[in-house]
Protein chains: 2
Amino acid sequence: MVSVKDVARAAGVSLGTVSNVLNRPDRVSETTRIRVEHAMVQLGFVRNEAARHLRAGRSKTIAFVVLDATNPFFSDVAQGAEEGAARRDYVLFLCNSDNREEREHQYLVRLQEQRVAGILVTPFDADDPFLQRLTARGIPVVVVDRTPSTPDVCAVAVDNQLGGRLAAEHLLDLGHESIAFVGGPHSIGQVHERWLGARAALVAAGLDEDRVMRLDTEAPSVAGGRHAGERLAGLSAARRPTAAFCANDLLALGLLQQCVALGIRVPDDLAIVGYDDIEFASAAAVPLTSIRQPRRELGLTAARLLLDEAENPQHRHEHVMFTPELVARASTRRSAGA
Amino acid sequence: MVSVKDVARAAGVSLGTVSNVLNRPDRVSETTRIRVEHAMVQLGFVRNEAARHLRAGRSKTIAFVVLDATNPFFSDVAQGAEEGAARRDYVLFLCNSDNREEREHQYLVRLQEQRVAGILVTPFDADDPFLQRLTARGIPVVVVDRTPSTPDVCAVAVDNQLGGRLAAEHLLDLGHESIAFVGGPHSIGQVHERWLGARAALVAAGLDEDRVMRLDTEAPSVAGGRHAGERLAGLSAARRPTAAFCANDLLALGLLQQCVALGIRVPDDLAIVGYDDIEFASAAAVPLTSIRQPRRELGLTAARLLLDEAENPQHRHEHVMFTPELVARASTRRSAGA
DNA sequence: ATTCGTTGATGAAACGTTTCATCAACACGC
DNA sequence: GCGTGTTGATGAAACGTTTCATCAACGAAT
């Protein structure tokens, strides 16, 4: 492997000059600069980032530890974040914690060892003390799509309780009085907050609390939604809710699919509201009503905050909250008989 | 930031001993070991990977440069690769080239600078000489989901021509004689190979070559599929094909959605075959017939090959080809009149 | 002719690890 | 009491950069 030393020898200059060509090309004369550059391509020199980083102490890499890379919601947020990183000449690595806390932890440790310039993370637990320790140790952290209770770490999120309320109020407006919430596990903050928002709206509307059915799922996935569909189908028509609000679109799509398969008509027998408004929501069997979140903007803002914290010494921690909006489609269209 | 030197001082041992605790705990006595470990947690010591890597020369990081992180196909492959990496105690970083060659190149350069242990990549151009240069310089590379024409780089892929043939033969079996291929740009190898496979099968079946309509799209995305749907809808019923084979499921979903919106019945007016069999394919308006690829296995094998090349000195380059299979669903169900 | 400033090149130190040859201490068998 | 291992700790060198103080050369100004 060829080093600056080799380049220096080949170009007949000192090692320091090679470094200057690399880092302050203006401080070196035209003629030697091209001579050195020539030697570099000649020898196939590739800067050793480890050495560079070790000495210089800074790195132009940030990472995004994401809860589930297969969820299109996160891919879109990540794309926004990448855009934000690229604008400031940073490079973004994605890490998939796959909803496993121990995996998340493993990634955070590795990233810390790599001394990345900063970490975006959608944590399993927004109040994980490990995150604060990272910030305290000087590694900028921005919590994405979760809201830690402490203000001493940056965060960007979308108001999940509001989203839950929007969904519930939409269903109430349509005359539904028996509503199921499909989601889980509730250890996932987003899921729980959406549930809280929805329940609050339903109770505020005077709905009897035990008419709100909570269908817990093992995971917020298509499979989880299918499973919930089976359970709903198993209920007598009298006991079955007339509407379901799903904690995300994957669940809603799974639920929808199972409903179609089992002969439950959507929206006539069961209205469905999803969450996230992923691209597939509008392409579903019955186009899904969903709660849309500003995904790219979320990622962009997160990257902006992170790089500010990394580069600006008088950075102040900040919690940014975006507002979701309801997108009504066929899956909650008012049925003829209602 | 606390270093081994600080730990050594705190524990009252030499710096070399601290390193031994880190790397060869068996060579150090029980009592000093726990004393050093205690000092480490006390001071919050975090190994500096840059320094470690610089000296030791090896790293336990691999990367996967992916063509489009928002495409569920790639997320699944990535999950397989991550699994394969984790098994051997490596960590996987994901990079999204977003179908942009210059972005891909940028990532490859950065990864090379970081001296990662290896790179998985789904390249824009499978024969990019840059990839071979990487391998030649000693950075293991495995090309994923593409087949380079040279054998001196590892590759894992699924037989795209076979997949195209399976799709075409399925449609032929159902009696279709006028078939459109929806996909593009053809500069993307997978798209083109699927097209070649399909065309070959159609021609072999005696179909007139100009009855095979090629609908090029700007991108293999849902939007591209929608656009193709508009163009198909614009044709008179007589000139319109009775079946469409889409280069991937995103296109198929977009096409399907537009068909439903514009009153073209699926499968009666237009049968649709997708490709990839992503999870959403079976949850679509009309469950999609698709070509399934062993996604996780693809990723797993790619990681296995990569780590073998990284660790085994007598590694031999290898091209692994997986076989796709057709999954028939409602979108190509034989219509009553056929 | 001397001083001065400018431009461009230099060499050594430093970053935080790992590695390796060396060494001290101690027990063992004769 | 003397070699001989064995175990565990040590200190220095090395990895490939960046940085910084220093220096040489040279023309301009006095």
# chains A, B, ... in the order shown; residues from 1 in each chain; ligands from 1
$ closest_atom_pairs --of "chain B" --to "chain D" --cutoff "12 Å" --atoms "only C-alpha atoms (C1' of nucleotides)" --output "Markdown table"
| residue | atom | partner | partner_atom | distance |
| --- | --- | --- | --- | --- |
| B:Ala8 | CA | D:DT10 | C1' | 11.9 |
| B:Gly12 | CA | D:DA9 | C1' | 11.5 |
| B:Val13 | CA | D:DA9 | C1' | 8.1 |
| B:Ser14 | CA | D:DT10 | C1' | 6.5 |
| B:Leu15 | CA | D:DT10 | C1' | 8.5 |
| B:Gly16 | CA | D:DT10 | C1' | 7.1 |
| B:Thr17 | CA | D:DA9 | C1' | 6.8 |
| B:Val18 | CA | D:DA9 | C1' | 10.5 |
| B:Ser19 | CA | D:DA9 | C1' | 11.7 |
| B:Asn20 | CA | D:DA9 | C1' | 10.1 |
| B:Val21 | CA | D:DA9 | C1' | 11.7 |
| B:Pro25 | CA | D:DG8 | C1' | 11.6 |
| B:Asp26 | CA | D:DG8 | C1' | 10.5 |
| B:Arg27 | CA | D:DG8 | C1' | 7.3 |
| B:Val28 | CA | D:DG8 | C1' | 6.2 |
| B:Ser29 | CA | D:DG8 | C1' | 6.8 |
| B:Glu30 | CA | D:DG8 | C1' | 10.6 |
| B:Thr31 | CA | D:DG8 | C1' | 11.3 |
| B:Thr32 | CA | D:DG8 | C1' | 9.8 |
| B:Arg33 | CA | D:DG8 | C1' | 11.2 |
| B:Ala50 | CA | D:DC15 | C1' | 10.7 |
| B:Ala51 | CA | D:DC15 | C1' | 8.4 |
| B:Arg52 | CA | D:DC15 | C1' | 9.2 |
| B:His53 | CA | D:DC15 | C1' | 8.7 |
| B:Leu54 | CA | D:DC15 | C1' | 5.3 |
| B:Arg55 | CA | D:DC15 | C1' | 4.4 |
| B:Ala56 | CA | D:DC15 | C1' | 7.6 |
| B:Gly57 | CA | D:DC15 | C1' | 7.9 |
| B:Arg58 | CA | D:DC15 | C1' | 11.4 |
| B:Glu113 | CA | D:DG16 | C1' | 11.9 |
$ write_last_selection --atoms "N, CA and C atoms" --output "short mmCIF file (atom, residue, chain, number, x, y, z; two decimals), in the first residue's frame"
data_model
loop_
_atom_site.label_atom_id
_atom_site.label_comp_id
_atom_site.auth_asym_id
_atom_site.auth_seq_id
_atom_site.Cartn_x
_atom_site.Cartn_y
_atom_site.Cartn_z
N ALA B 8 -3.72 3.44 31.84
CA ALA B 8 -2.53 2.83 32.42
C ALA B 8 -2.13 3.56 33.70
N GLY B 12 -2.15 2.08 37.39
CA GLY B 12 -0.80 1.86 37.88
C GLY B 12 -0.08 0.74 37.14
N VAL B 13 -0.33 0.62 35.86
CA VAL B 13 0.37 -0.37 35.05
C VAL B 13 0.95 0.31 33.83
N SER B 14 1.65 -0.45 33.04
CA SER B 14 2.20 0.14 31.82
C SER B 14 1.14 0.12 30.73
N LEU B 15 1.41 0.96 29.75
CA LEU B 15 0.50 1.11 28.62
C LEU B 15 0.33 -0.19 27.85
N GLY B 16 1.41 -0.94 27.76
CA GLY B 16 1.34 -2.22 27.05
C GLY B 16 0.39 -3.19 27.72
N THR B 17 0.35 -3.14 29.02
CA THR B 17 -0.53 -4.04 29.76
C THR B 17 -2.00 -3.74 29.46
N VAL B 18 -2.31 -2.46 29.39
CA VAL B 18 -3.69 -2.08 29.06
C VAL B 18 -4.06 -2.67 27.70
N SER B 19 -3.14 -2.54 26.77
CA SER B 19 -3.42 -3.08 25.44
C SER B 19 -3.62 -4.59 25.51
N ASN B 20 -2.83 -5.25 26.35
CA ASN B 20 -2.99 -6.69 26.50
C ASN B 20 -4.36 -7.05 27.07
N VAL B 21 -4.81 -6.28 28.02
CA VAL B 21 -6.14 -6.51 28.57
C VAL B 21 -7.17 -6.44 27.45
N PRO B 25 -6.54 -10.92 26.74
CA PRO B 25 -6.81 -10.92 28.20
C PRO B 25 -6.22 -12.14 28.90
N ASP B 26 -5.97 -13.21 28.17
CA ASP B 26 -5.45 -14.42 28.80
C ASP B 26 -4.00 -14.27 29.21
N ARG B 27 -3.30 -13.33 28.57
CA ARG B 27 -1.88 -13.16 28.87
C ARG B 27 -1.64 -12.28 30.10
N VAL B 28 -2.71 -11.88 30.76
CA VAL B 28 -2.53 -10.97 31.87
C VAL B 28 -3.22 -11.55 33.12
N SER B 29 -2.60 -11.32 34.26
CA SER B 29 -3.10 -11.97 35.48
C SER B 29 -4.47 -11.43 35.88
N GLU B 30 -5.21 -12.30 36.51
CA GLU B 30 -6.56 -11.99 36.96
C GLU B 30 -6.63 -10.63 37.67
N THR B 31 -5.75 -10.47 38.66
CA THR B 31 -5.87 -9.29 39.52
C THR B 31 -5.63 -7.99 38.75
N THR B 32 -4.56 -7.95 37.97
CA THR B 32 -4.32 -6.70 37.22
C THR B 32 -5.41 -6.49 36.17
N ARG B 33 -5.89 -7.58 35.62
CA ARG B 33 -6.91 -7.44 34.59
C ARG B 33 -8.12 -6.70 35.13
N ALA B 50 -9.57 4.51 14.95
CA ALA B 50 -8.65 5.02 13.94
C ALA B 50 -7.22 4.59 14.27
N ALA B 51 -6.83 4.79 15.52
CA ALA B 51 -5.48 4.43 15.93
C ALA B 51 -5.28 2.92 15.86
N ARG B 52 -6.26 2.22 16.37
CA ARG B 52 -6.21 0.76 16.35
C ARG B 52 -6.02 0.25 14.94
N HIS B 53 -6.83 0.80 14.06
CA HIS B 53 -6.81 0.36 12.69
C HIS B 53 -5.48 0.72 12.03
N LEU B 54 -5.02 1.92 12.32
CA LEU B 54 -3.77 2.38 11.72
C LEU B 54 -2.63 1.41 12.04
N ARG B 55 -2.57 1.05 13.30
CA ARG B 55 -1.48 0.18 13.71
C ARG B 55 -1.72 -1.27 13.29
N ALA B 56 -2.89 -1.77 13.62
CA ALA B 56 -3.15 -3.19 13.41
C ALA B 56 -3.37 -3.51 11.94
N GLY B 57 -3.81 -2.53 11.16
CA GLY B 57 -3.96 -2.75 9.73
C GLY B 57 -5.23 -3.44 9.31
N ARG B 58 -6.01 -3.89 10.25
CA ARG B 58 -7.25 -4.54 9.85
C ARG B 58 -8.44 -3.90 10.55
N GLU B 113 -10.67 4.91 1.30
CA GLU B 113 -9.87 5.71 2.23
C GLU B 113 -10.00 5.18 3.66
#
$ closest_atom_pairs --of "segment 135-227 of chain B" --to "segment 271-295 of chain B" --cutoff "10 Å" --atoms "only C-alpha atoms" --output "Markdown table"
| residue | atom | partner | partner_atom | distance |
| --- | --- | --- | --- | --- |
| B:Asp145 | CA | B:Arg295 | CA | 9.7 |
| B:Ala157 | CA | B:Gln293 | CA | 9.5 |
| B:Val158 | CA | B:Gln293 | CA | 6.8 |
| B:Asp159 | CA | B:Gln293 | CA | 9.1 |
| B:Asn160 | CA | B:Gln293 | CA | 9.6 |
| B:Gly163 | CA | B:Ile291 | CA | 6.5 |
| B:Gly164 | CA | B:Ile291 | CA | 8.5 |
| B:Leu166 | CA | B:Ile291 | CA | 7.9 |
| B:Ala167 | CA | B:Val273 | CA | 6.7 |
| B:Ala168 | CA | B:Val273 | CA | 8.8 |
| B:His170 | CA | B:Val273 | CA | 9.0 |
| B:Leu171 | CA | B:Ala271 | CA | 8.1 |
| B:Leu174 | CA | B:Ala271 | CA | 9.6 |
| B:His176 | CA | B:Ala271 | CA | 8.8 |
| B:Ile179 | CA | B:Ala271 | CA | 9.2 |
| B:Ala180 | CA | B:Ile272 | CA | 9.5 |
| B:Phe181 | CA | B:Val273 | CA | 9.7 |
| B:Val182 | CA | B:Gly274 | CA | 9.6 |
| B:Arg194 | CA | B:Tyr275 | CA | 9.3 |
$ write_last_selection --atoms "C-alpha atoms" --output "compact mmCIF listing (two decimals), in the first residue's frame"
# COMPACT_ATOMS: atom_id res chain seq x y z
CA ASP B 145 -27.18 -8.56 -8.13
CA ALA B 157 -26.71 -12.54 -8.67
CA VAL B 158 -30.01 -14.00 -9.64
CA ASP B 159 -30.49 -15.12 -13.20
CA ASN B 160 -32.34 -12.16 -14.70
CA GLY B 163 -36.57 -14.54 -14.67
CA GLY B 164 -37.60 -12.69 -17.78
CA LEU B 166 -40.31 -17.33 -16.68
CA ALA B 167 -42.50 -14.26 -16.78
CA ALA B 168 -42.93 -14.36 -20.54
CA HIS B 170 -46.24 -17.66 -17.90
CA LEU B 171 -48.04 -15.07 -19.99
CA LEU B 174 -52.19 -17.99 -20.42
CA HIS B 176 -51.43 -13.78 -24.32
CA ILE B 179 -47.24 -8.30 -24.51
CA ALA B 180 -45.61 -5.11 -23.27
CA PHE B 181 -42.37 -4.86 -21.40
CA VAL B 182 -42.37 -1.97 -18.95
CA ARG B 194 -34.97 -9.21 -17.92
$ closest_atom_pairs --of "chain A" --to "chain B" --cutoff "9 Å" --atoms "only C-alpha atoms" --output "JSON lines"
{"residue": "A:Met1", "atom": "CA", "partner": "B:Arg137", "partner_atom": "CA", "distance": 7.7}
{"residue": "A:Gly44", "atom": "CA", "partner": "B:Arg137", "partner_atom": "CA", "distance": 8.9}
{"residue": "A:Val46", "atom": "CA", "partner": "B:Glu113", "partner_atom": "CA", "distance": 6.1}
{"residue": "A:Arg47", "atom": "CA", "partner": "B:Glu113", "partner_atom": "CA", "distance": 5.5}
{"residue": "A:Asn48", "atom": "CA", "partner": "B:Glu113", "partner_atom": "CA", "distance": 5.1}
{"residue": "A:Glu49", "atom": "CA", "partner": "B:Gln114", "partner_atom": "CA", "distance": 5.0}
{"residue": "A:Ala50", "atom": "CA", "partner": "B:Ala50", "partner_atom": "CA", "distance": 4.5}
{"residue": "A:Ala51", "atom": "CA", "partner": "B:Leu54", "partner_atom": "CA", "distance": 5.9}
{"residue": "A:Arg52", "atom": "CA", "partner": "B:Ala50", "partner_atom": "CA", "distance": 8.7}
{"residue": "A:His53", "atom": "CA", "partner": "B:Ala50", "partner_atom": "CA", "distance": 6.6}
{"residue": "A:Leu54", "atom": "CA", "partner": "B:Ala50", "partner_atom": "CA", "distance": 5.7}
{"residue": "A:Ala63", "atom": "CA", "partner": "B:Phe93", "partner_atom": "CA", "distance": 8.8}
{"residue": "A:Ala69", "atom": "CA", "partner": "B:Ser75", "partner_atom": "CA", "distance": 6.1}
{"residue": "A:Thr70", "atom": "CA", "partner": "B:Ser75", "partner_atom": "CA", "distance": 5.0}
{"residue": "A:Asn71", "atom": "CA", "partner": "B:Pro72", "partner_atom": "CA", "distance": 7.9}
{"residue": "A:Pro72", "atom": "CA", "partner": "B:Thr70", "partner_atom": "CA", "distance": 5.9}
{"residue": "A:Phe73", "atom": "CA", "partner": "B:Thr70", "partner_atom": "CA", "distance": 8.7}
{"residue": "A:Phe74", "atom": "CA", "partner": "B:Thr70", "partner_atom": "CA", "distance": 8.4}
{"residue": "A:Ser75", "atom": "CA", "partner": "B:Thr70", "partner_atom": "CA", "distance": 5.0}
{"residue": "A:Asp76", "atom": "CA", "partner": "B:Thr70", "partner_atom": "CA", "distance": 6.7}
{"residue": "A:Ala78", "atom": "CA", "partner": "B:Ala69", "partner_atom": "CA", "distance": 8.7}
{"residue": "A:Gln79", "atom": "CA", "partner": "B:Asn96", "partner_atom": "CA", "distance": 8.2}
{"residue": "A:Glu82", "atom": "CA", "partner": "B:Asn96", "partner_atom": "CA", "distance": 8.4}
{"residue": "A:Val91", "atom": "CA", "partner": "B:Tyr107", "partner_atom": "CA", "distance": 7.7}
{"residue": "A:Leu92", "atom": "CA", "partner": "B:Cys95", "partner_atom": "CA", "distance": 7.1}
{"residue": "A:Phe93", "atom": "CA", "partner": "B:Cys95", "partner_atom": "CA", "distance": 5.6}
{"residue": "A:Leu94", "atom": "CA", "partner": "B:Leu94", "partner_atom": "CA", "distance": 4.7}
{"residue": "A:Cys95", "atom": "CA", "partner": "B:Phe93", "partner_atom": "CA", "distance": 5.6}
{"residue": "A:Asn96", "atom": "CA", "partner": "B:Gln79", "partner_atom": "CA", "distance": 8.2}
{"residue": "A:Asp98", "atom": "CA", "partner": "B:Gln79", "partner_atom": "CA", "distance": 8.6}
{"residue": "A:Gln106", "atom": "CA", "partner": "B:Val91", "partner_atom": "CA", "distance": 8.9}
{"residue": "A:Tyr107", "atom": "CA", "partner": "B:Val91", "partner_atom": "CA", "distance": 7.7}
{"residue": "A:Val109", "atom": "CA", "partner": "B:Val46", "partner_atom": "CA", "distance": 8.4}
{"residue": "A:Arg110", "atom": "CA", "partner": "B:Val91", "partner_atom": "CA", "distance": 8.3}
{"residue": "A:Gln112", "atom": "CA", "partner": "B:Val46", "partner_atom": "CA", "distance": 7.4}
{"residue": "A:Glu113", "atom": "CA", "partner": "B:Glu49", "partner_atom": "CA", "distance": 5.0}
{"residue": "A:Gln114", "atom": "CA", "partner": "B:Glu49", "partner_atom": "CA", "distance": 5.0}
{"residue": "A:Arg115", "atom": "CA", "partner": "B:Asn48", "partner_atom": "CA", "distance": 7.2}
{"residue": "A:Arg137", "atom": "CA", "partner": "B:Met1", "partner_atom": "CA", "distance": 7.8}
{"residue": "A:Gly138", "atom": "CA", "partner": "B:Met1", "partner_atom": "CA", "distance": 8.8}
{"residue": "A:Val222", "atom": "CA", "partner": "B:Glu279", "partner_atom": "CA", "distance": 8.0}
{"residue": "A:Leu250", "atom": "CA", "partner": "B:Phe280", "partner_atom": "CA", "distance": 8.9}
{"residue": "A:Leu253", "atom": "CA", "partner": "B:Ala283", "partner_atom": "CA", "distance": 6.5}
{"residue": "A:Gly254", "atom": "CA", "partner": "B:Ala283", "partner_atom": "CA", "distance": 6.9}
{"residue": "A:Leu256", "atom": "CA", "partner": "B:Ala283", "partner_atom": "CA", "distance": 7.9}
{"residue": "A:Gln257", "atom": "CA", "partner": "B:Ala283", "partner_atom": "CA", "distance": 5.5}
{"residue": "A:Gln258", "atom": "CA", "partner": "B:Ala283", "partner_atom": "CA", "distance": 8.8}
{"residue": "A:Glu279", "atom": "CA", "partner": "B:Val222", "partner_atom": "CA", "distance": 8.0}
{"residue": "A:Phe280", "atom": "CA", "partner": "B:Phe280", "partner_atom": "CA", "distance": 7.3}
{"residue": "A:Ser282", "atom": "CA", "partner": "B:Gln257", "partner_atom": "CA", "distance": 8.2}
{"residue": "A:Ala283", "atom": "CA", "partner": "B:Gln257", "partner_atom": "CA", "distance": 5.5}
{"residue": "A:Ala284", "atom": "CA", "partner": "B:Ala284", "partner_atom": "CA", "distance": 4.9}
{"residue": "A:Ala285", "atom": "CA", "partner": "B:Ala285", "partner_atom": "CA", "distance": 3.1}
{"residue": "A:Val286", "atom": "CA", "partner": "B:Ala285", "partner_atom": "CA", "distance": 6.4}
{"residue": "A:Pro287", "atom": "CA", "partner": "B:Ala285", "partner_atom": "CA", "distance": 8.2}
$ select_by_dssp --residues "segment 161-204 of chain A" --states "alpha helix (DSSP H)" --output "JSON, numbers by chain"
{"A": [161, 162, 163, 164, 165, 166, 167, 168, 169, 170, 171, 172, 173, 189, 190, 191, 192, 193, 194, 195, 196, 197, 198, 199, 200, 201, 202, 203, 204]}
$ atom_distance --atom1 "atom CA of Arg214 of chain A" --atom2 "atom CA of Glu177 of chain A"
14.2 Å
